[in-house]
Amino acid sequence: MIEATGLTKHYGRTVAVDDLSFTVAPGRVTGFLGPNGAGKSTTMRMVLGLDRPTRGRVTVKGQDYRSLRHPLRVVGALLDAKWVHPNRSARAHLRWLARSNGIPAARVDEVLGAVGLGEVADRRAGTFSLGMSQRLGIAGALLGDPEVLMFDEPVNGLDPEGILWIRQFMHRLAAEGRTVFVSSHLLSEMSQTAQDLVVIGRGRLIAQTSTERFIREAAEDTVRVRSPQADRLRALLDGRARAVDDAADGALVVHGVEAAAIGELAASNDITLHELSPQLGSLEQAFMQLTKESVEYHAAE
Ligand SMILES: Nc1ncnc2c1ncn2[C@@H]1O[C@H](COP(=O)(O)OP(=O)(O)OP(=O)(O)O)[C@@H](O)[C@H]1O
């Protein structure tokens with residue numbers, strides 16, 4: 001469990017995090033979303049005691065990070081996959097981390113196996129691809145078998161296979177009862193990875209809810225229609241639909257009329273339909289809708 005209460009961070013006159021309160025529950029993957037500069041990394045650094053809050057506090061399992069005797073055993077984090085010394089092997093790097101936290105060396109091979117790096121354990125970390133570096137970072141986070149895990153943009157720059165691996169790995173960690181808190185810009189990826197969301201903009205909380213509810217409440221459902229008589233259909237829909245947009249492939253995207261009603265309207269006017277498909281709102285739409293103000297504010301600065 002991670003708990004932030006009134007968490008605030010000022011850098012000079014910049015308010016990076018502003019009176020932020022949220023909780024991250026165990027047994028679930030919680031996504032941490034926000035536009036660029038929203039304060040996600042700053043918040044994560046405060047959870048790890050790398051930055052001091054100007055006001056408020058954040059605790060991990062009820063304790064300040066700085067008061068933990070063996071922090072790696074309570075919370076594991078991947079903030080920057082490239083901070084490993086390039087001349088050290090993966091195994092040497094993890095042994096060094098383990099030693100500094102009183103973790104038995106035998107655990108190193110366990111975590112290397114868990115992330116699929118067993119066979120390259122003795123290769124210099126500097127030769128690793130980004131995907132391998134991310135896996136090594138995750139191995140480091142797992143060393144102390146912590147209950148709480150935090151990942152800052154773990155899938156940035158990864159290929160689809162790497163992204164899928166990370167998604168499945170996070171689900172597994174949550175299924176083991178751990179608290180998994182993960183920030184990302186990749187919204188469609190996040191909608192498949194996270195069960196819960198903490199959404200921030202300009203350092204403030206915008207929403208804390210389940211991913212499913214966030215999309216349902218903030219994004220609008222639409223209907224895609226393709227017809228060889230699209231112009232006639234559009235004329236009939238004008239006045240009934242809230243809006244009718246054009247998709248790039250020539251389909252109409254209808255807002256505010258159910259698919260069944262569009263089908264009946266077409267049938268009673270002898271209009272042929274080649275496609276009639278309800279589109280569920282996406283996390284992208286919901287996110288854009290809810291963070292619009294904070295992005296506009298930034299653009300105007
Ligand atoms: N060490 C620092 N000194 C001064 N300002 C900082 C510092 N770290 C962050 N900021 C500012 O605080 C705000 C929040 O930054 P932060 O990196 O936490 O956002 P973010 O949501 O992680 O952004 P991104 O998604 O772009 O990584 C930004 O305006 C940033 O410029």
# chains A, B, ... in the order shown; residues from 1 in each chain; ligands from 1
call {"tool": "residues_around", "arguments": {"residues": "Leu97 (chain A)", "least_positions_apart": "3", "cutoff": "10 Å", "atoms": "only C-alpha atoms", "output": "PyMOL selection string"}}
result
chain A and resi 72+91-94+100-103+105+108+140-141+143-144
call {"tool": "write_last_selection", "arguments": {"atoms": "C-alpha atoms", "output": "PDB file, in the first residue's frame"}}
result
ATOM      1  CA  LEU A  72      14.631  -2.870  -0.830  1.00  0.00           C
ATOM      2  CA  ARG A  91      25.131 -10.499 -11.955  1.00  0.00           C
ATOM      3  CA  ALA A  92      27.839  -8.268 -10.454  1.00  0.00           C
ATOM      4  CA  HIS A  93      25.491  -5.304 -10.455  1.00  0.00           C
ATOM      5  CA  LEU A  94      22.760  -7.240  -8.631  1.00  0.00           C
ATOM      6  CA  SER A 100      24.190  -3.134   0.269  1.00  0.00           C
ATOM      7  CA  ASN A 101      20.773  -4.230   1.489  1.00  0.00           C
ATOM      8  CA  GLY A 102      21.686  -7.336   3.443  1.00  0.00           C
ATOM      9  CA  ILE A 103      20.090  -9.640   0.876  1.00  0.00           C
ATOM     10  CA  ALA A 105      23.669 -13.467  -2.882  1.00  0.00           C
ATOM     11  CA  VAL A 108      20.552 -12.744  -7.398  1.00  0.00           C
ATOM     12  CA  GLY A 140      16.930  -5.131  -9.136  1.00  0.00           C
ATOM     13  CA  ALA A 141      13.506  -4.009  -7.952  1.00  0.00           C
ATOM     14  CA  LEU A 143      15.802  -8.429  -5.205  1.00  0.00           C
ATOM     15  CA  GLY A 144      14.389  -7.828  -1.740  1.00  0.00           C
TER      16      GLY A 144
END
call {"tool": "select_by_dssp", "arguments": {"residues": "region 129-158 of chain A", "states": "strand (DSSP E)", "output": "VMD selection string"}}
result
chain A and resid 148 to 152
call {"tool": "closest_atom_pairs", "arguments": {"of": "chain A", "to": "ligand 1", "cutoff": "6 Å", "atoms": "only C-alpha atoms and all ligand atoms", "output": "JSON lines"}}
result
{"residue": "A:Tyr11", "atom": "CA", "partner": "ligand 1", "partner_atom_place_in_ligand_line": "4 (C)", "distance": 4.9}
{"residue": "A:Ala16", "atom": "CA", "partner": "ligand 1", "partner_atom_place_in_ligand_line": "12 (O)", "distance": 3.9}
{"residue": "A:Gly34", "atom": "CA", "partner": "ligand 1", "partner_atom_place_in_ligand_line": "21 (O)", "distance": 5.9}
{"residue": "A:Pro35", "atom": "CA", "partner": "ligand 1", "partner_atom_place_in_ligand_line": "25 (O)", "distance": 5.9}
{"residue": "A:Asn36", "atom": "CA", "partner": "ligand 1", "partner_atom_place_in_ligand_line": "26 (O)", "distance": 3.5}
{"residue": "A:Gly37", "atom": "CA", "partner": "ligand 1", "partner_atom_place_in_ligand_line": "19 (O)", "distance": 3.4}
{"residue": "A:Ala38", "atom": "CA", "partner": "ligand 1", "partner_atom_place_in_ligand_line": "21 (O)", "distance": 3.7}
{"residue": "A:Gly39", "atom": "CA", "partner": "ligand 1", "partner_atom_place_in_ligand_line": "18 (O)", "distance": 3.2}
{"residue": "A:Lys40", "atom": "CA", "partner": "ligand 1", "partner_atom_place_in_ligand_line": "21 (O)", "distance": 3.7}
{"residue": "A:Ser41", "atom": "CA", "partner": "ligand 1", "partner_atom_place_in_ligand_line": "22 (O)", "distance": 3.6}
{"residue": "A:Thr42", "atom": "CA", "partner": "ligand 1", "partner_atom_place_in_ligand_line": "18 (O)", "distance": 3.6}
call {"tool": "residues_around", "arguments": {"residues": "region 232-239 of chain A", "least_positions_apart": "5", "cutoff": "9 Å", "atoms": "only C-alpha atoms", "output": "number ranges by chain"}}
result
A: 227, 244, 252, 254, 257, 262, 265-266, 269, 271
call {"tool": "write_last_selection", "arguments": {"atoms": "C-alpha atoms", "output": "PDB file, in the first residue's frame"}}
result
ATOM      1  CA  SER A 227     -22.286   3.256 -46.686  1.00  0.00           C
ATOM      2  CA  VAL A 244     -21.046  13.307 -37.442  1.00  0.00           C
ATOM      3  CA  LEU A 252     -18.840   8.316 -40.700  1.00  0.00           C
ATOM      4  CA  VAL A 254     -21.643   9.245 -35.338  1.00  0.00           C
ATOM      5  CA  VAL A 257     -27.149   7.984 -31.786  1.00  0.00           C
ATOM      6  CA  ILE A 262     -28.824   4.222 -37.240  1.00  0.00           C
ATOM      7  CA  LEU A 265     -32.955   4.818 -40.119  1.00  0.00           C
ATOM      8  CA  ALA A 266     -30.887   3.387 -42.971  1.00  0.00           C
ATOM      9  CA  ASN A 269     -34.666   4.927 -46.235  1.00  0.00           C
ATOM     10  CA  ILE A 271     -29.727   2.961 -47.591  1.00  0.00           C
TER      11      ILE A 271
END
call {"tool": "residues_around", "arguments": {"residues": "region 189-202 of chain A", "least_positions_apart": "3", "cutoff": "6 Å", "atoms": "only C-alpha atoms", "output": "tab-separated table (two decimals) with N, CA and C atoms, in the first residue's frame"}}
result
chain	number	residue	atom	x	y	z
A	29	VAL	N	-2.66	-3.74	-10.38
A	29	VAL	CA	-1.73	-2.85	-11.07
A	29	VAL	C	-2.42	-1.49	-11.14
A	30	THR	N	-1.75	-0.48	-10.61
A	30	THR	CA	-2.31	0.88	-10.65
A	30	THR	C	-1.47	1.73	-11.59
A	31	GLY	N	-2.11	2.30	-12.59
A	31	GLY	CA	-1.41	3.16	-13.54
A	31	GLY	C	-1.36	4.58	-13.02
A	32	PHE	N	-0.24	5.25	-13.30
A	32	PHE	CA	-0.06	6.64	-12.87
A	32	PHE	C	0.05	7.46	-14.14
A	33	LEU	N	-0.99	8.21	-14.45
A	33	LEU	CA	-1.07	8.91	-15.73
A	33	LEU	C	-1.07	10.42	-15.53
A	34	GLY	N	-0.51	11.11	-16.50
A	34	GLY	CA	-0.56	12.57	-16.49
A	34	GLY	C	0.23	13.09	-17.67
A	38	ALA	N	3.52	16.67	-15.45
A	38	ALA	CA	2.41	16.68	-14.48
A	38	ALA	C	2.88	16.45	-13.05
A	167	ARG	N	3.91	-6.25	-19.43
A	167	ARG	CA	2.50	-6.23	-18.99
A	167	ARG	C	2.17	-7.51	-18.23
A	186	LEU	N	1.99	5.77	-22.48
A	186	LEU	CA	1.33	4.95	-23.50
A	186	LEU	C	-0.04	4.53	-23.00
A	205	LEU	N	-4.50	16.05	-8.28
A	205	LEU	CA	-5.26	14.85	-8.61
A	205	LEU	C	-6.43	15.18	-9.51
A	206	ILE	N	-6.54	14.46	-10.63
A	206	ILE	CA	-7.70	14.62	-11.52
A	206	ILE	C	-8.68	13.48	-11.27
A	207	ALA	N	-8.18	12.29	-11.11
A	207	ALA	CA	-9.08	11.16	-10.86
A	207	ALA	C	-8.32	10.02	-10.22
A	208	GLN	N	-9.00	9.33	-9.31
A	208	GLN	CA	-8.50	8.06	-8.80
A	208	GLN	C	-9.66	7.09	-8.89
A	209	THR	N	-9.57	6.13	-9.77
A	209	THR	CA	-10.72	5.27	-10.04
A	209	THR	C	-10.25	4.01	-10.77
A	210	SER	N	-11.17	3.09	-11.03
A	210	SER	CA	-10.79	1.93	-11.83
A	210	SER	C	-10.67	2.37	-13.29
A	211	THR	N	-9.83	1.67	-14.05
A	211	THR	CA	-9.62	2.03	-15.46
A	211	THR	C	-10.94	1.95	-16.22
A	294	SER	N	-5.29	21.10	-18.05
A	294	SER	CA	-3.92	21.20	-17.57
A	294	SER	C	-2.94	21.29	-18.73
call {"tool": "closest_residue", "arguments": {"among": "A:Asp51, A:His85, A:Glu147, A:Asp159", "to": "Phe181 (chain A)", "atoms": "only C-alpha atoms"}}
result
A:Glu147
call {"tool": "residues_around", "arguments": {"residues": "region 122-127 of chain A", "least_positions_apart": "6", "cutoff": "12 Å", "atoms": "only C-alpha atoms", "output": "ChimeraX atom specification"}}
result
/A:81-95,109,112,133-137
call {"tool": "select_by_dssp", "arguments": {"residues": "region 40-279 of chain A", "states": "alpha helix (DSSP H)", "output": "PyMOL selection string"}}
result
chain A and resi 40-47+90-99+106-114+130-142+160-175+187-193+211-218+230-237+259-268
call {"tool": "residues_around", "arguments": {"residues": "Thr222 (chain A)", "least_positions_apart": "2", "cutoff": "7 Å", "atoms": "only C-alpha atoms", "output": "MDAnalysis selection string"}}
result
chainID A and resid 220 224 253:256 278:280
call {"tool": "atom_distance", "arguments": {"atom1": "CA of Pro71 (chain A)", "atom2": "CA of Lys9 (chain A)"}}
result
22.3 Å
call {"tool": "residues_around", "arguments": {"residues": "Val225 (chain A)", "least_positions_apart": "6", "cutoff": "6 Å", "atoms": "only C-alpha atoms", "output": "number ranges by chain"}}
result
A: 251-252, 275-276
call {"tool": "closest_residue", "arguments": {"among": "A:Leu117, A:Val223, A:Ile2, A:Val24", "to": "Tyr65 (chain A)", "atoms": "only C-alpha atoms"}}
result
A:Ile2
call {"tool": "atom_distance", "arguments": {"atom1": "CA of Arg204 (chain A)", "atom2": "CA of Arg66 (chain A)"}}
result
24.1 Å
